[in-house]
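Next comes coords.pdb, with PDB, C-alpha atoms and all ligand atoms.
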```pdb
MODEL        1
ATOM      1  CA  MET A  46      -3.402 -20.690 -60.423
ATOM      2  CA  SER A  47      -3.720 -20.039 -56.706
ATOM      3  CA  PRO A  48      -1.828 -22.594 -54.612
ATOM      4  CA  ILE A  49      -3.794 -24.371 -51.890
ATOM      5  CA  ILE A  50      -2.015 -23.804 -48.591
ATOM      6  CA  GLY A  51      -3.218 -25.398 -45.375
ATOM      7  CA  VAL A  52      -2.613 -24.165 -41.853
ATOM      8  CA  LEU A  53      -2.423 -26.959 -39.281
ATOM      9  CA  ALA A  54      -5.373 -25.921 -37.135
ATOM     10  CA  LEU A  55      -5.105 -27.987 -33.961
ATOM     11  CA  GLN A  56      -3.989 -25.138 -31.673
ATOM     12  CA  GLY A  57      -2.173 -21.810 -31.945
ATOM     13  CA  ASP A  58      -2.413 -18.645 -34.028
ATOM     14  CA  VAL A  59      -4.089 -20.266 -37.010
ATOM     15  CA  ARG A  60      -6.261 -17.308 -38.000
ATOM     16  CA  GLU A  61      -3.364 -14.879 -38.464
ATOM     17  CA  HIS A  62      -1.642 -17.229 -40.910
ATOM     18  CA  LEU A  63      -4.850 -17.949 -42.836
ATOM     19  CA  GLN A  64      -5.481 -14.252 -43.251
ATOM     20  CA  LEU A  65      -1.974 -13.426 -44.489
ATOM     21  CA  LEU A  66      -1.945 -16.345 -46.926
ATOM     22  CA  ALA A  67      -5.340 -15.337 -48.325
ATOM     23  CA  GLU A  68      -4.147 -11.744 -48.753
ATOM     24  CA  LEU A  69      -1.214 -13.077 -50.754
ATOM     25  CA  GLY A  70      -3.519 -14.887 -53.169
ATOM     26  CA  ALA A  71      -3.334 -18.441 -51.817
ATOM     27  CA  LEU A  72      -6.397 -20.584 -51.179
ATOM     28  CA  ALA A  73      -5.834 -20.831 -47.434
ATOM     29  CA  ARG A  74      -7.508 -23.604 -45.452
ATOM     30  CA  PRO A  75      -7.468 -24.826 -41.875
ATOM     31  CA  VAL A  76      -6.390 -28.478 -41.749
ATOM     32  CA  ARG A  77      -7.172 -30.979 -38.982
ATOM     33  CA  ARG A  78      -8.037 -34.257 -40.638
ATOM     34  CA  PRO A  79      -6.003 -36.622 -42.801
ATOM     35  CA  GLU A  80      -8.295 -36.257 -45.827
ATOM     36  CA  GLU A  81      -7.792 -32.479 -45.752
ATOM     37  CA  LEU A  82      -4.125 -33.005 -46.668
ATOM     38  CA  ASP A  83      -4.844 -34.581 -50.030
ATOM     39  CA  ASP A  84      -4.949 -31.558 -52.309
ATOM     40  CA  LEU A  85      -2.540 -29.271 -50.439
ATOM     41  CA  ASP A  86       0.331 -27.579 -52.261
ATOM     42  CA  GLY A  87       1.864 -26.375 -48.994
ATOM     43  CA  ILE A  88       1.251 -26.214 -45.245
ATOM     44  CA  VAL A  89       1.967 -23.823 -42.392
ATOM     45  CA  PHE A  90       2.687 -24.916 -38.822
ATOM     46  CA  PRO A  91       1.555 -22.014 -36.623
ATOM     47  CA  GLY A  92       2.941 -20.652 -33.404
ATOM     48  CA  GLY A  93       1.330 -21.990 -30.260
ATOM     49  CA  GLU A  94       2.381 -24.852 -28.032
ATOM     50  CA  SER A  95       4.367 -27.562 -29.777
ATOM     51  CA  THR A  96       3.586 -30.230 -27.164
ATOM     52  CA  THR A  97      -0.165 -29.633 -27.518
ATOM     53  CA  ILE A  98      -0.071 -29.577 -31.322
ATOM     54  CA  ASP A  99       1.950 -32.805 -31.241
ATOM     55  CA  LYS A 100      -0.558 -34.542 -28.946
ATOM     56  CA  LEU A 101      -3.586 -33.361 -30.902
ATOM     57  CA  SER A 102      -2.013 -34.392 -34.212
ATOM     58  CA  ARG A 103      -1.854 -37.937 -32.899
ATOM     59  CA  ALA A 104      -5.400 -37.785 -31.513
ATOM     60  CA  PHE A 105      -6.721 -36.516 -34.871
ATOM     61  CA  GLU A 106      -4.653 -39.164 -36.682
ATOM     62  CA  VAL A 107      -3.174 -36.519 -38.937
ATOM     63  CA  ARG A 108       0.391 -37.045 -37.728
ATOM     64  CA  GLU A 109       1.400 -40.069 -39.836
ATOM     65  CA  PRO A 110      -0.090 -38.853 -43.146
ATOM     66  CA  LEU A 111       1.433 -35.422 -42.604
ATOM     67  CA  VAL A 112       4.883 -36.874 -41.917
ATOM     68  CA  ALA A 113       4.480 -38.889 -45.124
ATOM     69  CA  ARG A 114       3.551 -35.799 -47.168
ATOM     70  CA  LEU A 115       6.529 -33.881 -45.756
ATOM     71  CA  ARG A 116       8.861 -36.766 -46.673
ATOM     72  CA  ASP A 117       7.306 -36.590 -50.096
ATOM     73  CA  GLY A 118       8.353 -32.951 -50.526
ATOM     74  CA  LEU A 119       5.288 -30.977 -49.423
ATOM     75  CA  PRO A 120       6.521 -27.401 -48.844
ATOM     76  CA  ALA A 121       6.053 -26.251 -45.248
ATOM     77  CA  TYR A 122       6.657 -23.166 -43.168
ATOM     78  CA  GLY A 123       6.790 -23.252 -39.363
ATOM     79  CA  SER A 124       6.857 -20.265 -37.023
ATOM     80  CA  CYS A 125       7.955 -20.655 -33.397
ATOM     81  CA  ALA A 126       6.151 -23.804 -32.166
ATOM     82  CA  GLY A 127       5.946 -24.613 -35.881
ATOM     83  CA  MET A 128       9.738 -24.452 -36.108
ATOM     84  CA  ILE A 129       9.966 -26.977 -33.257
ATOM     85  CA  LEU A 130       7.523 -29.254 -35.064
ATOM     86  CA  LEU A 131       9.695 -29.226 -38.219
ATOM     87  CA  ALA A 132      12.929 -29.978 -36.343
ATOM     88  CA  ASP A 133      14.461 -33.443 -36.416
ATOM     89  CA  ARG A 134      15.693 -32.973 -32.806
ATOM     90  CA  VAL A 135      14.484 -31.001 -29.764
ATOM     91  CA  VAL A 136      16.354 -30.040 -26.593
ATOM     92  CA  ASP A 137      14.282 -29.207 -23.494
ATOM     93  CA  GLY A 138      11.188 -30.763 -24.973
ATOM     94  CA  ARG A 139       8.830 -32.862 -22.907
ATOM     95  CA  PRO A 140      10.028 -36.458 -22.601
ATOM     96  CA  ASP A 141       7.184 -37.803 -24.732
ATOM     97  CA  GLN A 142       7.275 -34.955 -27.245
ATOM     98  CA  GLN A 143       7.488 -35.876 -30.920
ATOM     99  CA  THR A 144       8.003 -33.672 -33.950
ATOM    100  CA  PHE A 145       7.038 -34.060 -37.586
ATOM    101  CA  GLY A 146      10.654 -33.404 -38.475
ATOM    102  CA  GLY A 147      12.153 -32.772 -41.880
ATOM    103  CA  ILE A 148      14.742 -30.114 -41.101
ATOM    104  CA  ASP A 149      18.102 -31.551 -40.029
ATOM    105  CA  MET A 150      18.522 -29.336 -36.973
ATOM    106  CA  THR A 151      18.374 -29.338 -33.188
ATOM    107  CA  VAL A 152      16.158 -26.664 -31.644
ATOM    108  CA  ARG A 153      16.088 -25.631 -28.016
ATOM    109  CA  ARG A 154      12.580 -25.016 -26.710
ATOM    110  CA  ASN A 155      11.962 -21.827 -24.687
ATOM    111  CA  ALA A 156      15.598 -21.032 -25.403
ATOM    112  CA  PHE A 157      15.679 -17.370 -24.512
ATOM    113  CA  GLY A 158      15.190 -18.124 -20.819
ATOM    114  CA  ARG A 159      12.028 -18.695 -18.851
ATOM    115  CA  GLN A 160      11.935 -15.186 -17.506
ATOM    116  CA  VAL A 161      12.062 -13.717 -21.007
ATOM    117  CA  HIS A 162       8.501 -14.253 -22.092
ATOM    118  CA  SER A 163       8.881 -12.172 -25.213
ATOM    119  CA  PHE A 164      11.032  -9.614 -26.943
ATOM    120  CA  GLU A 165      11.447  -7.980 -30.314
ATOM    121  CA  GLY A 166      14.402  -7.250 -32.541
ATOM    122  CA  ASP A 167      15.265  -6.340 -36.118
ATOM    123  CA  ILE A 168      16.664  -9.129 -38.229
ATOM    124  CA  GLU A 169      18.064  -9.201 -41.737
ATOM    125  CA  LEU A 170      16.977 -12.372 -43.547
ATOM    126  CA  THR A 171      18.775 -13.911 -46.532
ATOM    127  CA  GLY A 172      16.438 -13.875 -49.513
ATOM    128  CA  ILE A 173      14.104 -11.225 -48.087
ATOM    129  CA  ASP A 174      14.603  -7.790 -49.605
ATOM    130  CA  GLY A 175      13.436  -4.456 -48.280
ATOM    131  CA  GLY A 176      15.405  -4.069 -45.065
ATOM    132  CA  PRO A 177      15.337  -5.872 -41.736
ATOM    133  CA  LEU A 178      12.231  -7.546 -40.395
ATOM    134  CA  ARG A 179      10.716  -6.766 -37.041
ATOM    135  CA  ALA A 180      10.940 -10.135 -35.321
ATOM    136  CA  VAL A 181       8.639 -10.884 -32.388
ATOM    137  CA  PHE A 182       9.796 -13.750 -30.162
ATOM    138  CA  ILE A 183       7.300 -15.294 -27.743
ATOM    139  CA  ARG A 184       8.747 -18.077 -25.560
ATOM    140  CA  ALA A 185      10.654 -18.896 -28.685
ATOM    141  CA  PRO A 186      13.079 -21.643 -29.608
ATOM    142  CA  TRP A 187      16.444 -21.059 -31.215
ATOM    143  CA  VAL A 188      18.421 -23.407 -33.428
ATOM    144  CA  GLU A 189      21.378 -24.981 -31.638
ATOM    145  CA  GLU A 190      22.907 -26.856 -34.544
ATOM    146  CA  VAL A 191      22.179 -27.516 -38.191
ATOM    147  CA  GLY A 192      23.152 -30.299 -40.581
ATOM    148  CA  GLU A 193      24.935 -29.717 -43.870
ATOM    149  CA  GLY A 194      21.831 -29.383 -46.017
ATOM    150  CA  VAL A 195      20.363 -26.586 -43.919
ATOM    151  CA  GLU A 196      20.723 -22.976 -44.995
ATOM    152  CA  VAL A 197      20.883 -20.448 -42.152
ATOM    153  CA  LEU A 198      18.779 -17.415 -43.169
ATOM    154  CA  GLY A 199      18.957 -15.233 -40.083
ATOM    155  CA  ARG A 200      20.435 -14.760 -36.637
ATOM    156  CA  VAL A 201      19.631 -12.581 -33.647
ATOM    157  CA  GLU A 202      21.544  -9.364 -34.155
ATOM    158  CA  GLN A 203      21.400  -7.622 -30.778
ATOM    159  CA  GLY A 204      21.541  -8.439 -27.068
ATOM    160  CA  GLU A 205      22.595 -11.501 -25.123
ATOM    161  CA  ALA A 206      21.336 -13.957 -27.707
ATOM    162  CA  ALA A 207      23.229 -12.269 -30.561
ATOM    163  CA  GLY A 208      24.431 -14.820 -33.098
ATOM    164  CA  ARG A 209      21.741 -17.403 -32.343
ATOM    165  CA  ILE A 210      20.150 -18.922 -35.434
ATOM    166  CA  VAL A 211      16.454 -18.044 -35.753
ATOM    167  CA  ALA A 212      15.592 -18.649 -39.413
ATOM    168  CA  VAL A 213      16.481 -21.624 -41.623
ATOM    169  CA  ARG A 214      15.584 -23.371 -44.834
ATOM    170  CA  GLN A 215      16.148 -26.915 -46.021
ATOM    171  CA  GLY A 216      14.743 -27.681 -49.463
ATOM    172  CA  ALA A 217      11.043 -26.852 -49.386
ATOM    173  CA  LEU A 218      10.961 -26.444 -45.596
ATOM    174  CA  LEU A 219      11.225 -22.998 -44.029
ATOM    175  CA  ALA A 220      11.203 -22.139 -40.315
ATOM    176  CA  THR A 221      11.509 -19.051 -38.112
ATOM    177  CA  SER A 222      11.723 -18.767 -34.311
ATOM    178  CA  PHE A 223       9.684 -15.599 -34.491
ATOM    179  CA  HIS A 224       6.143 -14.746 -35.570
ATOM    180  CA  PRO A 225       5.924 -12.648 -38.758
ATOM    181  CA  GLU A 226       2.172 -13.315 -38.710
ATOM    182  CA  VAL A 227       1.689 -10.927 -35.783
ATOM    183  CA  THR A 228       3.521  -7.890 -37.179
ATOM    184  CA  GLY A 229       1.622  -7.268 -40.415
ATOM    185  CA  ASP A 230       4.856  -7.694 -42.408
ATOM    186  CA  ASP A 231       3.992 -10.236 -45.089
ATOM    187  CA  ARG A 232       7.461 -10.776 -46.571
ATOM    188  CA  VAL A 233       8.177 -14.185 -45.009
ATOM    189  CA  HIS A 234       4.769 -15.519 -46.047
ATOM    190  CA  ARG A 235       5.273 -14.008 -49.502
ATOM    191  CA  ALA A 236       8.570 -15.897 -49.814
ATOM    192  CA  PHE A 237       6.846 -19.098 -48.690
ATOM    193  CA  VAL A 238       3.959 -18.714 -51.149
ATOM    194  CA  GLU A 239       6.591 -18.176 -53.848
ATOM    195  CA  MET A 240       8.368 -21.420 -52.774
ATOM    196  CA  VAL A 241       5.042 -23.268 -52.981
ATOM    197  CA  ARG A 242       4.323 -21.837 -56.455
ATOM    198  CA  GLU A 243       7.752 -22.932 -57.675
ATOM    199  CA  ARG A 244       7.141 -26.498 -56.541
ATOM    200  CA  SER A 245       3.556 -26.986 -57.675
TER     201      SER A 245
HETATM  202  N1  LIG B 301       7.206 -22.365 -26.249
HETATM  203  C1  LIG B 301       6.314 -22.847 -27.249
HETATM  204  C2  LIG B 301       6.538 -24.323 -27.527
HETATM  205  O1  LIG B 301       7.356 -24.948 -26.974
HETATM  206  C3  LIG B 301       6.418 -22.042 -28.529
HETATM  207  C4  LIG B 301       5.882 -20.645 -28.316
HETATM  208  C5  LIG B 301       5.261 -20.025 -29.505
HETATM  209  O2  LIG B 301       4.938 -20.655 -30.512
HETATM  210  N2  LIG B 301       5.021 -18.752 -29.389
HETATM  211  O3  LIG B 301       5.879 -24.880 -28.356
ENDMDL
END
```
What would the structure in this file look like if it were written as structure tokens?
Amino acid sequence: MSPIIGVLALQGDVREHLQLLAELGALARPVRRPEELDDLDGIVFPGGESTTIDKLSRAFEVREPLVARLRDGLPAYGSCAGMILLADRVVDGRPDQQTFGGIDMTVRRNAFGRQVHSFEGDIELTGIDGGPLRAVFIRAPWVEEVGEGVEVLGRVEQGEAAGRIVAVRQGALLATSFHPEVTGDDRVHRAFVEMVRERS
């Protein structure tokens, strides 16, 4: 059976995620409204602008039901802004910024410095075979601190930010600072679809 995986489609690079998920055999759907959450087996929070996605989620009244589904164990994957949205705590967020939460971690928004708009690096991820991944960071967050239940899957390997945590998992929640959806490497999404299959 193909799992039904939504992509929160309020803002950001929704299309890239939908395409990858469909290629991997999931029934991939954009999600904006509360009733569209009902039959989901998993959800992706795309890259984009976390403050905008947060605001729109409240305007579309999808925030509360989505938080409830996450608390209930709905598997989720967040990339970049999506990682921020899955974090329990944010540093350098906007004062009124809220997250959906679920991962016991503190993320720093735009952590790699304002002048560094984007960069790329190779990263080895726990649980992902086949050699390092090309990681593309675009005004990305990093993870400052994680709670006990959080598994660190990857860290920056080169340069000034070496050692910074950029991929984590807690239970059915997965998050990366970078954007695998823009490189054509489907291994992170494949791992997520596998997580969703295991749970549903
Ligand atoms: N800086 C963005 C934010 O705070 C994230 C950037 C991205 O998703 N590429 O939400």
Closest atom pairs, chain A residues within 6 Å of ligand LIG 301 (chain B), all atoms listed in the file, as a Markdown table:
```
| residue | atom | partner | partner_atom | distance |
| --- | --- | --- | --- | --- |
| A:Gly92 | CA | B:LIG301 | O2 | 3.5 |
| A:Gly93 | CA | B:LIG301 | O2 | 3.9 |
| A:Glu94 | CA | B:LIG301 | O3 | 3.5 |
| A:Ser95 | CA | B:LIG301 | O3 | 3.4 |
| A:Thr96 | CA | B:LIG301 | O3 | 5.9 |
| A:Cys125 | CA | B:LIG301 | O2 | 4.2 |
| A:Ala126 | CA | B:LIG301 | O2 | 3.8 |
| A:Arg154 | CA | B:LIG301 | O1 | 5.2 |
| A:Asn155 | CA | B:LIG301 | N1 | 5.0 |
| A:Ile183 | CA | B:LIG301 | N2 | 4.5 |
| A:Arg184 | CA | B:LIG301 | N1 | 4.6 |
| A:Ala185 | CA | B:LIG301 | C4 | 5.1 |
```
Item to check | Residue members of the PyMOL selection byres (((chain A and resi 199) around 6) and not hetatm) in the file shown, as a VMD selection string | outcome: chain A and resid 170 197 to 198 200 211 to 212
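Shortest atom-to-atom contact with Leu65 in chain A among A:Val52, A:Met46, A:Gly176, A:Asp167: A:Val52, counting all atoms listed in the file.
Among the candidate residues A:Ile148, A:Ile173, A:Leu131, A:Leu119, the one lying nearest to Pro91 in chain A is A:Leu131, with distances computed using all atoms listed in the file.
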Next on the checklist: Ranking A:Leu63, A:Val213, A:Val89, A:Ile98 by minimum distance to Gly192 in chain A and counting all atoms listed in the file, which one comes first?
Outcome noted: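 Residue with the minimum atom-to-atom distance to Gly192 in chain A: A:Val213.
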Item to check | Top pick for closest residue to Arg153 in chain A, considering A:Thr171, A:Arg209, A:Glu109, A:Ala121 and counting all atoms listed in the file | outcome: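 With all atoms listed in the file as the atom set, the closest residue is A:Arg209.
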Item to check | Expansion of the PyMOL selection byres (((chain A and resi 214-217) around 12) and not hetatm) into residues, as a ChimeraX atom specification | outcome: /A:86-89,114-123,128,131-133,146-150,170-172,188,191-199,210-213,218-221,233,236-245
Hey, can you spit out that residue selection with C-alpha atoms as a tab-separated table (two decimals), in the coordinates of the input?
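The new file out07.tsv reads:
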```tsv
chain	number	residue	atom	x	y	z
A	86	ASP	CA	0.33	-27.58	-52.26
A	87	GLY	CA	1.86	-26.38	-48.99
A	88	ILE	CA	1.25	-26.21	-45.24
A	89	VAL	CA	1.97	-23.82	-42.39
A	114	ARG	CA	3.55	-35.80	-47.17
A	115	LEU	CA	6.53	-33.88	-45.76
A	116	ARG	CA	8.86	-36.77	-46.67
A	117	ASP	CA	7.31	-36.59	-50.10
A	118	GLY	CA	8.35	-32.95	-50.53
A	119	LEU	CA	5.29	-30.98	-49.42
A	120	PRO	CA	6.52	-27.40	-48.84
A	121	ALA	CA	6.05	-26.25	-45.25
A	122	TYR	CA	6.66	-23.17	-43.17
A	123	GLY	CA	6.79	-23.25	-39.36
A	128	MET	CA	9.74	-24.45	-36.11
A	131	LEU	CA	9.70	-29.23	-38.22
A	132	ALA	CA	12.93	-29.98	-36.34
A	133	ASP	CA	14.46	-33.44	-36.42
A	146	GLY	CA	10.65	-33.40	-38.48
A	147	GLY	CA	12.15	-32.77	-41.88
A	148	ILE	CA	14.74	-30.11	-41.10
A	149	ASP	CA	18.10	-31.55	-40.03
A	150	MET	CA	18.52	-29.34	-36.97
A	170	LEU	CA	16.98	-12.37	-43.55
A	171	THR	CA	18.77	-13.91	-46.53
A	172	GLY	CA	16.44	-13.88	-49.51
A	188	VAL	CA	18.42	-23.41	-33.43
A	191	VAL	CA	22.18	-27.52	-38.19
A	192	GLY	CA	23.15	-30.30	-40.58
A	193	GLU	CA	24.94	-29.72	-43.87
A	194	GLY	CA	21.83	-29.38	-46.02
A	195	VAL	CA	20.36	-26.59	-43.92
A	196	GLU	CA	20.72	-22.98	-45.00
A	197	VAL	CA	20.88	-20.45	-42.15
A	198	LEU	CA	18.78	-17.42	-43.17
A	199	GLY	CA	18.96	-15.23	-40.08
A	210	ILE	CA	20.15	-18.92	-35.43
A	211	VAL	CA	16.45	-18.04	-35.75
A	212	ALA	CA	15.59	-18.65	-39.41
A	213	VAL	CA	16.48	-21.62	-41.62
A	218	LEU	CA	10.96	-26.44	-45.60
A	219	LEU	CA	11.22	-23.00	-44.03
A	220	ALA	CA	11.20	-22.14	-40.32
A	221	THR	CA	11.51	-19.05	-38.11
A	233	VAL	CA	8.18	-14.18	-45.01
A	236	ALA	CA	8.57	-15.90	-49.81
A	237	PHE	CA	6.85	-19.10	-48.69
A	238	VAL	CA	3.96	-18.71	-51.15
A	239	GLU	CA	6.59	-18.18	-53.85
A	240	MET	CA	8.37	-21.42	-52.77
A	241	VAL	CA	5.04	-23.27	-52.98
A	242	ARG	CA	4.32	-21.84	-56.46
A	243	GLU	CA	7.75	-22.93	-57.68
A	244	ARG	CA	7.14	-26.50	-56.54
A	245	SER	CA	3.56	-26.99	-57.68
```
Item to check | Expansion of the PyMOL selection byres (((chain A and resi 100) around 12) and not hetatm) into residues, as a ChimeraX atom specification | outcome: /A:55-56,94-99,101-108,130,139,141-145
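Shortest atom-to-atom contact with His224 in chain A among A:Gly204, A:Pro140, A:Gly127, A:Pro75: A:Gly127, counting only C-alpha atoms.
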Next on the checklist: For a test of reading the model, state the distance in Å between CA of Gly208 in chain A and CA of Trp187 in chain A, rounded to one decimal.
Outcome noted: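 Computed distance, CA of Gly208 in chain A to CA of Trp187 in chain A, equals 10.3 Å.
In this model, the gap between CA of Gly166 in chain A and CA of Ala54 in chain A comes to 27.6 Å.
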Checklist entry - How many Å lie between CA of Val76 in chain A and CA of Arg235 in chain A, rounded to one decimal? => result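 Rounded to one decimal, the two atoms are 20.1 Å apart.
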